[in-house]
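Q: Provided below: data-v2.cif, containing mmCIF, C-alpha atoms and all ligand atoms.
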data_data
loop_
_atom_site.label_atom_id
_atom_site.label_comp_id
_atom_site.auth_asym_id
_atom_site.auth_seq_id
_atom_site.Cartn_x
_atom_site.Cartn_y
_atom_site.Cartn_z
CA MET A 22 81.09 104.36 97.90
CA THR A 23 77.32 104.48 98.30
CA ILE A 24 74.86 106.02 95.85
CA LEU A 25 71.23 106.77 96.63
CA ILE A 26 68.87 106.99 93.64
CA ARG A 27 65.96 108.91 95.08
CA GLY A 28 62.28 108.96 94.18
CA ALA A 29 62.10 106.90 90.97
CA ASP A 30 59.27 104.68 89.82
CA ILE A 31 61.12 101.39 90.23
CA VAL A 32 60.29 98.49 87.92
CA THR A 33 61.67 95.96 90.40
CA GLN A 34 61.19 92.76 88.37
CA ASP A 35 60.98 91.01 91.74
CA ALA A 36 58.84 87.89 92.30
CA GLY A 37 55.67 90.02 92.55
CA ARG A 38 56.74 92.20 89.58
CA ARG A 39 56.10 95.22 91.79
CA ILE A 40 56.48 98.74 90.50
CA ILE A 41 57.04 101.03 93.46
CA ARG A 42 57.99 104.65 93.96
CA GLY A 43 61.02 104.93 96.21
CA ASP A 44 64.76 104.92 96.62
CA ILE A 45 67.51 102.53 95.59
CA LEU A 46 70.62 102.39 97.73
CA ILE A 47 73.73 101.09 95.96
CA GLU A 48 76.60 99.90 98.08
CA GLY A 49 79.76 98.22 96.81
CA GLY A 50 78.37 97.40 93.39
CA ARG A 51 75.20 95.80 94.69
CA ILE A 52 71.74 96.97 95.63
CA ALA A 53 71.56 97.40 99.41
CA SER A 54 67.94 98.45 99.74
CA VAL A 55 64.86 99.28 97.66
CA GLY A 56 61.91 101.39 98.79
CA GLU A 57 61.97 103.77 101.72
CA SER A 58 65.52 104.58 102.59
CA GLY A 59 66.30 106.61 105.66
CA ALA A 60 70.00 106.13 105.04
CA GLY A 61 72.34 108.77 103.77
CA ALA A 62 74.82 108.12 100.99
CA ASP A 63 78.07 109.46 99.57
CA GLU A 64 76.07 110.65 96.61
CA VAL A 65 72.37 111.30 96.10
CA VAL A 66 70.83 111.22 92.60
CA ASP A 67 67.46 112.94 92.26
CA ALA A 68 65.40 110.54 90.14
CA SER A 69 61.95 112.00 90.79
CA GLY A 70 59.82 111.68 87.67
CA LEU A 71 62.17 109.01 86.26
CA ILE A 72 61.61 105.27 85.80
CA ALA A 73 64.29 102.87 87.05
CA ILE A 74 64.50 99.52 85.26
CA PRO A 75 67.03 96.70 85.52
CA GLY A 76 69.63 97.00 82.74
CA LEU A 77 68.49 95.24 79.57
CA ILE A 78 70.30 92.06 78.54
CA ASN A 79 71.10 91.50 74.86
CA MET A 80 71.55 87.74 74.56
CA HIS A 81 72.93 87.58 71.02
CA THR A 82 75.57 89.78 69.42
CA HIS A 83 78.38 89.65 66.90
CA LEU A 84 80.14 92.81 68.02
CA GLY A 85 82.80 92.77 65.32
CA MET A 86 80.10 93.17 62.69
CA THR A 87 79.00 96.55 64.05
CA ILE A 88 81.24 98.25 61.47
CA LEU A 89 79.40 96.35 58.72
CA ARG A 90 76.12 98.09 59.52
CA GLY A 91 74.41 98.93 56.22
CA TYR A 92 77.00 97.13 54.11
CA GLY A 93 75.39 95.17 51.29
CA GLU A 94 72.00 96.62 52.12
CA GLY A 95 69.02 95.31 50.19
CA LEU A 96 70.54 92.09 48.84
CA PRO A 97 68.82 88.72 49.23
CA LEU A 98 70.24 86.62 52.09
CA HIS A 99 72.53 84.29 50.14
CA ARG A 100 73.98 87.10 47.99
CA TRP A 101 74.38 89.31 51.06
CA LEU A 102 76.36 86.55 52.80
CA GLU A 103 78.37 85.23 49.86
CA GLU A 104 79.16 88.47 48.04
CA ARG A 105 79.45 90.90 50.91
CA ILE A 106 79.58 89.62 54.48
CA TRP A 107 81.72 86.47 54.30
CA PRO A 108 84.49 87.98 52.11
CA ILE A 109 84.77 91.09 54.26
CA GLU A 110 84.64 89.12 57.52
CA ALA A 111 87.54 87.03 56.25
CA ARG A 112 89.57 90.23 55.78
CA GLN A 113 88.56 91.75 59.11
CA SER A 114 91.30 91.82 61.73
CA ALA A 115 90.99 91.41 65.50
CA GLN A 116 91.79 95.16 65.73
CA ASP A 117 88.83 95.95 63.46
CA ALA A 118 86.64 93.78 65.67
CA GLU A 119 87.82 95.62 68.78
CA ALA A 120 87.05 99.03 67.24
CA ALA A 121 83.63 97.69 66.22
CA ALA A 122 82.99 96.37 69.74
CA ARG A 123 83.72 99.77 71.29
CA LEU A 124 81.21 101.32 68.90
CA ALA A 125 78.69 98.62 69.86
CA PHE A 126 79.15 99.32 73.57
CA CYS A 127 78.47 103.05 73.07
CA GLU A 128 75.25 102.16 71.28
CA MET A 129 74.26 99.58 73.87
CA ILE A 130 74.82 101.87 76.84
CA ARG A 131 72.76 104.60 75.15
CA GLY A 132 70.05 101.98 74.65
CA GLY A 133 69.94 100.91 78.32
CA THR A 134 71.69 97.58 77.69
CA THR A 135 74.06 96.57 80.46
CA SER A 136 74.83 92.92 79.61
CA PHE A 137 75.45 90.98 76.44
CA ALA A 138 76.21 87.48 75.14
CA GLU A 139 78.70 87.54 72.29
CA MET A 140 79.59 84.91 69.73
CA CYS A 141 82.85 86.04 68.20
CA LEU A 142 84.49 84.78 65.03
CA HIS A 143 87.78 86.51 65.78
CA GLU A 144 90.41 86.15 68.43
CA THR A 145 88.59 87.50 71.48
CA SER A 146 91.11 89.35 73.64
CA GLY A 147 90.36 92.75 72.01
CA ILE A 148 86.64 92.30 72.61
CA PHE A 149 87.30 91.43 76.27
CA ARG A 150 89.45 94.56 76.57
CA ALA A 151 86.80 96.76 74.95
CA ALA A 152 84.06 95.35 77.22
CA LYS A 153 86.14 95.92 80.31
CA ASP A 154 86.98 99.51 79.31
CA ALA A 155 83.31 100.22 78.60
CA GLY A 156 82.32 98.83 82.01
CA MET A 157 79.92 96.32 80.47
CA ARG A 158 78.82 92.98 81.87
CA GLY A 159 78.71 89.99 79.58
CA THR A 160 79.99 86.76 78.25
CA ILE A 161 82.15 86.25 75.16
CA SER A 162 82.57 83.00 73.28
CA ARG A 163 84.79 82.10 70.39
CA CYS A 164 82.31 80.68 67.94
CA LEU A 165 83.99 78.36 65.47
CA LEU A 166 83.13 75.61 63.04
CA ASP A 167 84.83 72.74 61.25
CA PHE A 168 82.48 72.48 58.23
CA ASN A 169 81.91 68.85 59.24
CA HIS A 170 85.62 68.06 58.99
CA PRO A 171 86.33 66.24 62.28
CA GLU A 172 90.05 66.25 61.47
CA TRP A 173 89.99 70.00 62.13
CA VAL A 174 88.65 69.49 65.67
CA PRO A 175 91.98 69.48 67.58
CA LYS A 176 92.99 72.83 66.01
CA VAL A 177 89.56 74.39 66.59
CA MET A 178 89.48 73.17 70.21
CA LYS A 179 92.87 74.73 70.84
CA GLU A 180 91.57 78.12 69.77
CA VAL A 181 88.36 77.71 71.79
CA GLU A 182 90.35 76.73 74.88
CA SER A 183 92.80 79.61 74.55
CA SER A 184 89.86 82.08 74.42
CA LEU A 185 88.84 80.89 77.91
CA ALA A 186 91.96 82.42 79.44
CA ASN A 187 90.45 85.90 78.92
CA GLY A 188 88.02 87.69 81.15
CA ASP A 189 87.50 88.39 84.78
CA GLY A 190 84.95 90.12 86.97
CA ALA A 191 81.96 91.27 84.96
CA VAL A 192 83.13 90.01 81.55
CA ARG A 193 83.52 86.26 81.45
CA PRO A 194 84.25 83.68 78.81
CA SER A 195 81.83 81.06 77.55
CA VAL A 196 82.13 78.26 75.05
CA GLY A 197 80.59 78.48 71.60
CA ALA A 198 80.05 76.37 68.53
CA HIS A 199 78.66 77.88 65.34
CA SER A 200 75.72 75.56 64.64
CA PRO A 201 74.76 71.89 64.21
CA TYR A 202 74.91 72.22 60.39
CA THR A 203 78.45 73.67 60.28
CA CYS A 204 80.00 71.61 63.08
CA SER A 205 80.77 67.90 63.17
CA GLU A 206 79.26 65.83 65.96
CA GLU A 207 82.72 65.46 67.43
CA LEU A 208 83.15 69.24 67.67
CA LEU A 209 79.69 69.66 69.21
CA LEU A 210 80.43 67.02 71.85
CA LYS A 211 83.91 68.37 72.63
CA THR A 212 82.83 72.02 72.96
CA LYS A 213 79.87 71.14 75.20
CA ALA A 214 82.06 68.86 77.33
CA LEU A 215 84.54 71.71 77.76
CA ALA A 216 81.73 74.07 78.80
CA ARG A 217 80.51 71.53 81.36
CA GLU A 218 83.99 70.90 82.70
CA ARG A 219 84.55 74.64 83.26
CA GLY A 220 80.99 75.36 84.43
CA LEU A 221 80.43 77.85 81.59
CA PRO A 222 77.48 78.73 79.36
CA PHE A 223 77.44 77.11 75.91
CA GLN A 224 76.23 79.22 72.97
CA MET A 225 75.15 78.01 69.55
CA HIS A 226 72.93 79.06 66.62
CA VAL A 227 70.18 76.50 66.04
CA SER A 228 67.28 76.43 63.56
CA GLU A 229 67.48 79.93 62.14
CA THR A 230 66.43 78.95 58.62
CA ARG A 231 64.22 76.23 57.19
CA LYS A 232 67.06 75.09 54.92
CA GLU A 233 69.41 74.33 57.81
CA VAL A 234 66.66 72.38 59.61
CA PHE A 235 66.30 70.13 56.59
CA ASP A 236 70.08 69.89 56.20
CA VAL A 237 70.32 68.58 59.78
CA LEU A 238 67.33 66.30 59.26
CA GLY A 239 68.97 64.89 56.11
CA ALA A 240 72.42 64.45 57.65
CA ARG A 241 71.48 63.25 61.15
CA GLY A 242 67.99 61.85 60.67
CA LYS A 243 66.46 64.06 63.35
CA TYR A 244 65.17 67.62 63.72
CA PRO A 245 67.87 69.84 65.28
CA TYR A 246 66.59 69.95 68.88
CA GLU A 247 65.79 66.22 68.81
CA TYR A 248 69.27 65.53 67.51
CA LEU A 249 70.98 67.78 70.06
CA ASP A 250 68.93 66.22 72.84
CA SER A 251 69.90 62.72 71.67
CA ILE A 252 73.62 63.54 71.93
CA GLY A 253 73.27 65.19 75.34
CA LEU A 254 73.77 68.84 74.40
CA MET A 255 70.76 70.25 76.17
CA ASP A 256 70.82 71.48 79.74
CA GLY A 257 70.26 74.62 81.77
CA ARG A 258 73.55 76.12 80.56
CA SER A 259 72.80 75.70 76.85
CA ILE A 260 71.95 78.94 75.04
CA PHE A 261 70.45 78.18 71.63
CA VAL A 262 69.97 81.21 69.43
CA HIS A 263 67.09 81.76 66.94
CA GLY A 264 64.90 78.64 67.18
CA SER A 265 62.71 80.19 64.52
CA TRP A 266 61.81 76.89 62.81
CA LEU A 267 60.95 74.55 65.68
CA THR A 268 58.34 71.81 65.75
CA LYS A 269 55.92 71.56 68.68
CA LYS A 270 57.84 68.50 69.84
CA GLU A 271 61.11 70.44 69.78
CA MET A 272 59.57 73.21 71.88
CA LEU A 273 58.56 70.63 74.49
CA ILE A 274 62.10 69.21 74.47
CA ALA A 275 63.47 72.74 75.04
CA GLY A 276 61.13 73.18 78.00
CA LYS A 277 61.95 69.82 79.54
CA ALA A 278 65.69 70.40 79.25
CA GLY A 279 65.37 73.98 80.57
CA ILE A 280 67.61 75.45 77.87
CA THR A 281 67.67 79.13 77.00
CA VAL A 282 66.22 79.98 73.59
CA VAL A 283 67.17 83.42 72.31
CA GLY A 284 64.79 85.06 69.85
CA CYS A 285 66.23 87.69 67.47
CA PRO A 286 63.05 89.04 65.90
CA VAL A 287 64.40 92.08 64.04
CA SER A 288 67.28 90.23 62.41
CA GLY A 289 65.01 87.34 61.42
CA LEU A 290 62.55 89.71 59.76
CA LYS A 291 65.27 91.67 57.98
CA LEU A 292 66.97 88.56 56.63
CA ALA A 293 63.57 87.14 55.68
CA THR A 294 64.29 83.83 57.37
CA GLY A 295 60.55 83.17 57.32
CA GLY A 296 59.96 81.43 60.63
CA ILE A 297 59.53 83.24 63.93
CA THR A 298 60.73 82.30 67.39
CA GLN A 299 57.52 81.30 69.12
CA ILE A 300 58.54 82.81 72.41
CA ALA A 301 55.10 82.52 74.00
CA GLU A 302 54.87 78.78 73.32
CA LEU A 303 58.49 78.15 74.31
CA ASP A 304 57.86 80.08 77.52
CA ALA A 305 54.73 78.05 78.24
CA ALA A 306 56.70 74.85 77.59
CA GLY A 307 59.18 75.85 80.31
CA ALA A 308 62.16 77.03 78.26
CA ASN A 309 64.08 80.07 79.51
CA VAL A 310 63.31 82.55 76.74
CA ALA A 311 65.57 85.54 76.20
CA LEU A 312 65.99 88.11 73.44
CA GLY A 313 68.83 89.47 71.35
CA THR A 314 69.48 91.87 68.52
CA ASP A 315 71.94 89.71 66.53
CA SER A 316 74.56 91.77 64.70
CA ALA A 317 74.24 95.36 63.55
CA ALA A 318 74.87 94.04 60.03
CA SER A 319 71.54 92.21 60.01
CA ASN A 320 69.41 94.31 62.36
CA ASN A 321 70.72 97.19 61.82
CA SER A 322 70.77 98.39 65.40
CA LEU A 323 71.54 97.05 68.85
CA ASP A 324 68.37 98.52 70.33
CA MET A 325 66.74 96.16 72.82
CA PHE A 326 63.62 98.33 73.16
CA GLN A 327 62.92 97.78 69.47
CA THR A 328 63.68 94.06 69.91
CA MET A 329 61.19 93.71 72.77
CA LYS A 330 58.48 95.46 70.78
CA MET A 331 59.07 93.39 67.67
CA ALA A 332 59.16 90.13 69.67
CA ALA A 333 55.78 90.94 71.19
CA LEU A 334 54.20 92.13 67.93
CA LEU A 335 55.30 89.00 66.08
CA GLN A 336 53.56 86.73 68.61
CA LYS A 337 50.33 88.70 68.31
CA HIS A 338 50.52 88.67 64.54
CA HIS A 339 51.46 85.01 64.29
CA TYR A 340 48.68 83.71 66.53
CA TRP A 341 46.04 86.31 65.51
CA LYS A 342 45.76 87.01 69.23
CA ALA A 343 46.32 90.43 70.75
CA ASP A 344 46.86 88.76 74.13
CA ALA A 345 49.36 86.16 72.86
CA ILE A 346 51.99 87.56 75.22
CA SER A 347 52.02 90.24 77.92
CA SER A 348 54.42 93.16 77.92
CA GLN A 349 55.47 92.08 81.42
CA ARG A 350 56.57 88.69 80.13
CA VAL A 351 58.55 90.29 77.29
CA LEU A 352 60.27 92.57 79.79
CA ASP A 353 61.10 89.47 81.88
CA MET A 354 62.80 87.92 78.85
CA SER A 355 65.10 90.93 78.46
CA THR A 356 65.98 91.17 82.14
CA ILE A 357 65.65 88.26 84.58
CA ASN A 358 65.68 85.51 81.95
CA GLY A 359 68.84 86.93 80.37
CA ALA A 360 70.49 87.09 83.78
CA LYS A 361 69.52 83.47 84.45
CA ALA A 362 71.09 82.39 81.15
CA LEU A 363 74.30 84.26 81.96
CA GLY A 364 74.32 82.93 85.52
CA VAL A 365 74.64 86.41 87.04
CA GLU A 366 72.76 87.97 89.93
CA ALA A 367 71.29 90.79 87.86
CA GLY A 368 68.05 91.40 85.99
CA SER A 369 66.01 92.73 88.92
CA ILE A 370 66.16 95.64 91.34
CA GLU A 371 66.18 93.85 94.69
CA PRO A 372 68.46 93.91 97.72
CA GLY A 373 71.57 91.81 97.12
CA ARG A 374 71.41 91.94 93.31
CA LEU A 375 74.12 93.52 91.19
CA ALA A 376 73.40 97.21 90.68
CA ASP A 377 72.76 97.19 86.91
CA ILE A 378 70.21 99.99 86.71
CA VAL A 379 68.91 102.23 83.94
CA LEU A 380 67.17 105.53 84.62
CA ILE A 381 64.58 106.45 82.02
CA GLU A 382 63.23 109.92 81.38
CA ARG A 383 59.57 109.95 80.42
CA GLY A 384 59.34 112.61 77.74
CA PRO A 385 56.24 112.83 75.53
CA ASN A 386 56.50 109.25 74.23
CA LEU A 387 56.13 107.76 77.73
CA ALA A 388 53.31 109.99 78.99
CA PRO A 389 50.85 109.68 80.60
CA GLY A 390 52.04 106.36 82.09
CA HIS A 391 48.95 104.14 82.36
CA ASP A 392 51.03 100.99 82.10
CA ILE A 393 54.74 101.31 82.82
CA ALA A 394 55.73 97.80 81.64
CA GLY A 395 53.80 98.39 78.42
CA ASP A 396 55.45 101.80 78.02
CA ILE A 397 58.92 100.23 78.32
CA VAL A 398 58.18 97.48 75.76
CA TYR A 399 56.14 99.42 73.21
CA SER A 400 57.00 103.11 73.56
CA ALA A 401 60.45 103.59 75.05
CA GLY A 402 63.66 103.98 73.07
CA PRO A 403 67.29 104.95 73.58
CA GLN A 404 66.24 108.61 73.55
CA ASN A 405 64.64 108.04 76.96
CA VAL A 406 67.75 106.59 78.61
CA ARG A 407 69.42 109.17 80.86
CA ASP A 408 71.71 107.32 83.28
CA VAL A 409 73.16 103.81 83.27
CA TYR A 410 74.83 101.98 86.17
CA ILE A 411 76.63 98.66 85.79
CA GLY A 412 77.72 96.96 89.00
CA GLY A 413 77.02 100.24 90.78
CA LYS A 414 79.39 102.16 88.55
CA PRO A 415 77.92 105.02 86.53
CA VAL A 416 78.77 104.41 82.86
CA MET A 417 76.43 107.11 81.53
CA ARG A 418 75.03 110.17 83.25
CA GLY A 419 72.88 112.90 81.78
CA ARG A 420 73.29 111.11 78.42
CA LYS A 421 77.06 111.45 78.54
CA ILE A 422 79.02 108.20 78.37
CA LEU A 423 81.64 108.28 81.11
CA THR A 424 83.72 105.19 80.36
CA MET A 425 84.63 105.93 76.74
CA ASP A 426 85.41 108.93 74.55
CA GLU A 427 82.39 108.43 72.33
CA GLY A 428 83.56 110.77 69.55
CA ALA A 429 86.92 109.01 69.31
CA VAL A 430 85.24 105.59 69.33
CA ILE A 431 82.93 106.54 66.43
CA GLU A 432 85.83 108.02 64.50
CA ALA A 433 88.06 104.95 64.98
CA ALA A 434 85.28 102.55 64.02
CA THR A 435 84.38 104.56 60.93
CA ARG A 436 88.03 104.68 59.89
CA ALA A 437 88.37 100.91 60.33
CA ALA A 438 85.14 100.33 58.37
CA ARG A 439 86.26 102.52 55.44
CA ALA A 440 89.69 100.87 55.27
CA LEU A 441 88.06 97.43 55.33
CA VAL A 442 85.58 98.20 52.58
CA SER A 443 88.26 99.67 50.31
CA SER A 444 90.83 96.93 50.99
ZN ZN B 501 74.46 84.97 65.30
#
Write out the structure in this file as structure tokens.
Ligand SMILES: [Zn+2]

A:
Amino acid sequence: MTILIRGADIVTQDAGRRIIRGDILIEGGRIASVGESGAGADEVVDASGLIAIPGLINMHTHLGMTILRGYGEGLPLHRWLEERIWPIEARQSAQDAEAAARLAFCEMIRGGTTSFAEMCLHETSGIFRAAKDAGMRGTISRCLLDFNHPEWVPKVMKEVESSLANGDGAVRPSVGAHSPYTCSEELLLKTKALARERGLPFQMHVSETRKEVFDVLGARGKYPYEYLDSIGLMDGRSIFVHGSWLTKKEMLIAGKAGITVVGCPVSGLKLATGGITQIAELDAAGANVALGTDSAASNNSLDMFQTMKMAALLQKHHYWKADAISSQRVLDMSTINGAKALGVEAGSIEPGRLADIVLIERGPNLAPGHDIAGDIVYSAGPQNVRDVYIGGKPVMRGRKILTMDEGAVIEAATRAARALVSS
């Protein structure tokens, strides 16, 4: 099956960051050619007037929490967690999490997101199933903790290992640990060793709040990144989420080790965590910077356009510098950098890459088009997304999701949410 997307303005995200008007030929799930295409195809899609971008990559989600969107709204962080989120999460079943994940995938596809990195508190097989049905690309980790009780480690490791049996093709497992303040050193070392042994990404929350930084400093005598570096947890497959309270020295360590740091600007602002992920400085230091929404309970959306805009605005605001970061660099973080972190050949529209492509309709909010990269970061939204391809397969066309019955998904998720809240 070959598909020819004809006449779009293509944001290639190639080495030269070229934006060219032309055709994209998709063959067998990958991009066969970009630019002038004399070739015919089984199917031709007229994309004149549209913008083609690589699918956006959301590098931090908790999909099961999508049905907690708006629950406990307006409470301060500790009351929100202790009175609302933690008790309800403890009651949430794997079936609830699966219904929530399907809802999340509908929202993501509508928002031009084609890949995700999930840290899941629940048994993961339902999330894998939902991702596969939706046609998404991504990685799912079981993210556990031992509350610094090393005697729990064998049990926790068993659950982490069993989660690795799931996944194939576009949806693959990864290894997770909750954070350096909720996990014993033994658990951190064992989970990372398992990730290395299997050649998988390793996901962990690090330095989201100032309190946890000082907890780690008190318990281990080092700032979190210094500590994690000293025990050998930092390498090119480490994905550390948040990093919103890092010292300059820690940012240099991140760059030297080549880890991925995932900024979640909207969630950080909404939870009033205070610090910001200094993505421009981390980028300059050599870290692989990516972006994520975090859960719909703390965001309250899974919109990567909004996340890109907020990430950029926060840098400008923080440094009092309107040129603190370019829109092109922010777009890189949500495309090629995310793909690098996941270890997948996506994130750009070039021959040989996986055909994860989003077609964007301009509409009034993207006219007149002086700066397409700037338009994508600052002006675009899910309302502009018309068609979405993942691995060459159309998952949405003409704003209709093809891989799921969207109405049924919303209904099932809402039913699960209501039952959970009233239980
Ligand atoms: Zn998280």

Q: Could the residues of chain A that have an atom at most 9 Å from ligand ZN 501 (chain B) be listed as CSV, each with its closest atom pair and the distance in Å to one decimal, counting only C-alpha atoms and all ligand atoms and ordered by chain and ascending residue number?

A:
residue,atom,partner,partner_atom,distance
A:His81,CA,B:ZN501,ZN,6.5
A:Thr82,CA,B:ZN501,ZN,6.4
A:His83,CA,B:ZN501,ZN,6.3
A:Glu139,CA,B:ZN501,ZN,8.6
A:Met140,CA,B:ZN501,ZN,6.8
A:Cys141,CA,B:ZN501,ZN,8.9
A:His199,CA,B:ZN501,ZN,8.2
A:Met225,CA,B:ZN501,ZN,8.2
A:His226,CA,B:ZN501,ZN,6.2
A:Val262,CA,B:ZN501,ZN,7.2
A:His263,CA,B:ZN501,ZN,8.2
A:Cys285,CA,B:ZN501,ZN,8.9
A:Asp315,CA,B:ZN501,ZN,5.5
A:Ser316,CA,B:ZN501,ZN,6.8

Q: Between atom CA of Ile393 of chain A and atom CA of Ala29 of chain A, measure the distance and give it in Å to one decimal.

A: 12.3 Å

Q: Using all atoms listed in the file, which of the listed residues (A:His170, A:Ala437, A:Thr230, A:Thr134) sits closest to Gln116 of chain A?

A: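 Comparing A:His170, A:Ala437, A:Thr230, A:Thr134 against Gln116 of chain A, the winner is A:Ala437.
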
Q: Counting all atoms listed in the file, I want the residues whose atoms come within 10 Å of (72.3, 100.6, 82.0) in the file frame, returned as a PDB file with C-alpha atoms, keeping the file's coordinate frame.

A:
ATOM      1  CA  ALA A  73      64.290 102.870  87.050  1.00  0.00           C
ATOM      2  CA  ILE A  74      64.500  99.520  85.260  1.00  0.00           C
ATOM      3  CA  PRO A  75      67.030  96.700  85.520  1.00  0.00           C
ATOM      4  CA  GLY A  76      69.630  97.000  82.740  1.00  0.00           C
ATOM      5  CA  LEU A  77      68.490  95.240  79.570  1.00  0.00           C
ATOM      6  CA  ILE A  78      70.300  92.060  78.540  1.00  0.00           C
ATOM      7  CA  MET A 129      74.260  99.580  73.870  1.00  0.00           C
ATOM      8  CA  ILE A 130      74.820 101.870  76.840  1.00  0.00           C
ATOM      9  CA  ARG A 131      72.760 104.600  75.150  1.00  0.00           C
ATOM     10  CA  GLY A 132      70.050 101.980  74.650  1.00  0.00           C
ATOM     11  CA  GLY A 133      69.940 100.910  78.320  1.00  0.00           C
ATOM     12  CA  THR A 134      71.690  97.580  77.690  1.00  0.00           C
ATOM     13  CA  THR A 135      74.060  96.570  80.460  1.00  0.00           C
ATOM     14  CA  SER A 136      74.830  92.920  79.610  1.00  0.00           C
ATOM     15  CA  MET A 157      79.920  96.320  80.470  1.00  0.00           C
ATOM     16  CA  ALA A 376      73.400  97.210  90.680  1.00  0.00           C
ATOM     17  CA  ASP A 377      72.760  97.190  86.910  1.00  0.00           C
ATOM     18  CA  ILE A 378      70.210  99.990  86.710  1.00  0.00           C
ATOM     19  CA  VAL A 379      68.910 102.230  83.940  1.00  0.00           C
ATOM     20  CA  LEU A 380      67.170 105.530  84.620  1.00  0.00           C
ATOM     21  CA  ILE A 381      64.580 106.450  82.020  1.00  0.00           C
ATOM     22  CA  VAL A 406      67.750 106.590  78.610  1.00  0.00           C
ATOM     23  CA  ARG A 407      69.420 109.170  80.860  1.00  0.00           C
ATOM     24  CA  ASP A 408      71.710 107.320  83.280  1.00  0.00           C
ATOM     25  CA  VAL A 409      73.160 103.810  83.270  1.00  0.00           C
ATOM     26  CA  TYR A 410      74.830 101.980  86.170  1.00  0.00           C
ATOM     27  CA  ILE A 411      76.630  98.660  85.790  1.00  0.00           C
ATOM     28  CA  GLY A 412      77.720  96.960  89.000  1.00  0.00           C
ATOM     29  CA  GLY A 413      77.020 100.240  90.780  1.00  0.00           C
ATOM     30  CA  LYS A 414      79.390 102.160  88.550  1.00  0.00           C
ATOM     31  CA  PRO A 415      77.920 105.020  86.530  1.00  0.00           C
ATOM     32  CA  VAL A 416      78.770 104.410  82.860  1.00  0.00           C
ATOM     33  CA  MET A 417      76.430 107.110  81.530  1.00  0.00           C
TER      34      MET A 417
END

Q: May I have the residues within 7 Å of Ala345 of chain A as a list in words, using all atoms listed in the file and disregarding those fewer than 5 positions away in the same chain?

A: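 Contacts, in chain order: Ala301, Gln336, Lys337 and Tyr340 of chain A.
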
Q: Looking at all atoms listed in the file, which of A:Ile370, A:Thr424, A:Glu172, A:Ser347 is the one that sits closest to Gly395 of chain A?

A: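 Comparing A:Ile370, A:Thr424, A:Glu172, A:Ser347 against Gly395 of chain A, the winner is A:Ser347.
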
Q: What does the distance from atom CA of Gly147 of chain A to atom CA of Tyr92 of chain A come to in Å, to one decimal?

A: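 Between atom CA of Gly147 of chain A and atom CA of Tyr92 of chain A the gap works out to 22.8 Å.
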
Q: Work out how far atom CA of Gln113 of chain A is from atom CA of Leu441 of chain A, in Å to one decimal.

A: 6.8 Å

Q: If we count all atoms listed in the file and set the cut-off at 10 Å, which residues sit around Val237 of chain A, ignoring sequence neighbours fewer than 2 positions away in its own chain? Please answer as an NGL selection string.

A: :A and (201-203 or 228 or 232-235 or 239-246 or 248)

Q: Please give the centre and size of the box around segment 224-231 of chain A (axis-aligned, containing every atom listed in the file, 3 Å added per side), with values in Å to one decimal and written as lines of an AutoDock Vina configuration file.

A:
center_x = 70.2
center_y = 78.1
center_z = 65.1
size_x = 18.0
size_y = 9.7
size_z = 21.8

Q: Env of segment 37-53 of chain A: 7 Å cut, atoms = all atoms listed in the file, seq-sep filter 2 positions within chain, self excluded. Answer as a short mmCIF file (atom, residue, chain, number, x, y, z; two decimals) with C-alpha atoms, in the coordinates of the input.

A:
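New file part24.cif:
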data_model
loop_
_atom_site.label_atom_id
_atom_site.label_comp_id
_atom_site.auth_asym_id
_atom_site.auth_seq_id
_atom_site.Cartn_x
_atom_site.Cartn_y
_atom_site.Cartn_z
CA MET A 22 81.09 104.36 97.90
CA THR A 23 77.32 104.48 98.30
CA ILE A 24 74.86 106.02 95.85
CA LEU A 25 71.23 106.77 96.63
CA ILE A 26 68.87 106.99 93.64
CA ARG A 27 65.96 108.91 95.08
CA GLY A 28 62.28 108.96 94.18
CA ALA A 29 62.10 106.90 90.97
CA ASP A 30 59.27 104.68 89.82
CA ILE A 31 61.12 101.39 90.23
CA VAL A 32 60.29 98.49 87.92
CA THR A 33 61.67 95.96 90.40
CA GLN A 34 61.19 92.76 88.37
CA ASP A 35 60.98 91.01 91.74
CA VAL A 55 64.86 99.28 97.66
CA GLY A 56 61.91 101.39 98.79
CA GLU A 57 61.97 103.77 101.72
CA SER A 58 65.52 104.58 102.59
CA GLU A 371 66.18 93.85 94.69
CA PRO A 372 68.46 93.91 97.72
CA GLY A 373 71.57 91.81 97.12
CA ARG A 374 71.41 91.94 93.31
CA LEU A 375 74.12 93.52 91.19
CA ALA A 376 73.40 97.21 90.68
CA GLY A 412 77.72 96.96 89.00
CA GLY A 413 77.02 100.24 90.78
CA LYS A 414 79.39 102.16 88.55
#

Q: Let me make sure I understand: among A:Ser146, A:Ser400, A:Thr294, A:Ser319, which one has the smallest atom-to-atom distance to Ser348 of chain A if we use all atoms listed in the file?

A: A:Ser400

Q: Need to verify the contact set: Leu124 of chain A, 9 Å, all atoms listed in the file, exclusion of same-chain residues closer than 6 positions in sequence. Can you return it as an MDAnalysis selection string?

A: chainID A and resid 84 87:88 427 430:431 433:434

Q: Could you check which of A:Leu303, A:Ala367, A:Ala275, A:Ile109 is closest to Gly159 of chain A, using all atoms listed in the file?

A: A:Ala367

Q: Any idea what's packed within 10 Å of Val196 of chain A, counting all atoms listed in the file, ignoring anything in its chain fewer than 3 positions away? Could you give it as a PyMOL selection string?

A: chain A and resi 140+160-165+181-182+184-185+212-217+219-225+259

Q: Around the point (82.6, 91.2, 51.9) in the file's coordinates, collect all residues with an atom within 12 Å, using all atoms listed in the file, and return them as a list in words.

A: Met86, Ile88, Leu89, Tyr92, Gly93, Glu94, Arg100, Trp101, Leu102, Glu103, Glu104, Arg105, Ile106, Trp107, Pro108, Ile109, Glu110, Ala111, Arg112, Gln113, Ala318, Ala438, Leu441, Val442, Ser443 and Ser444 of chain A
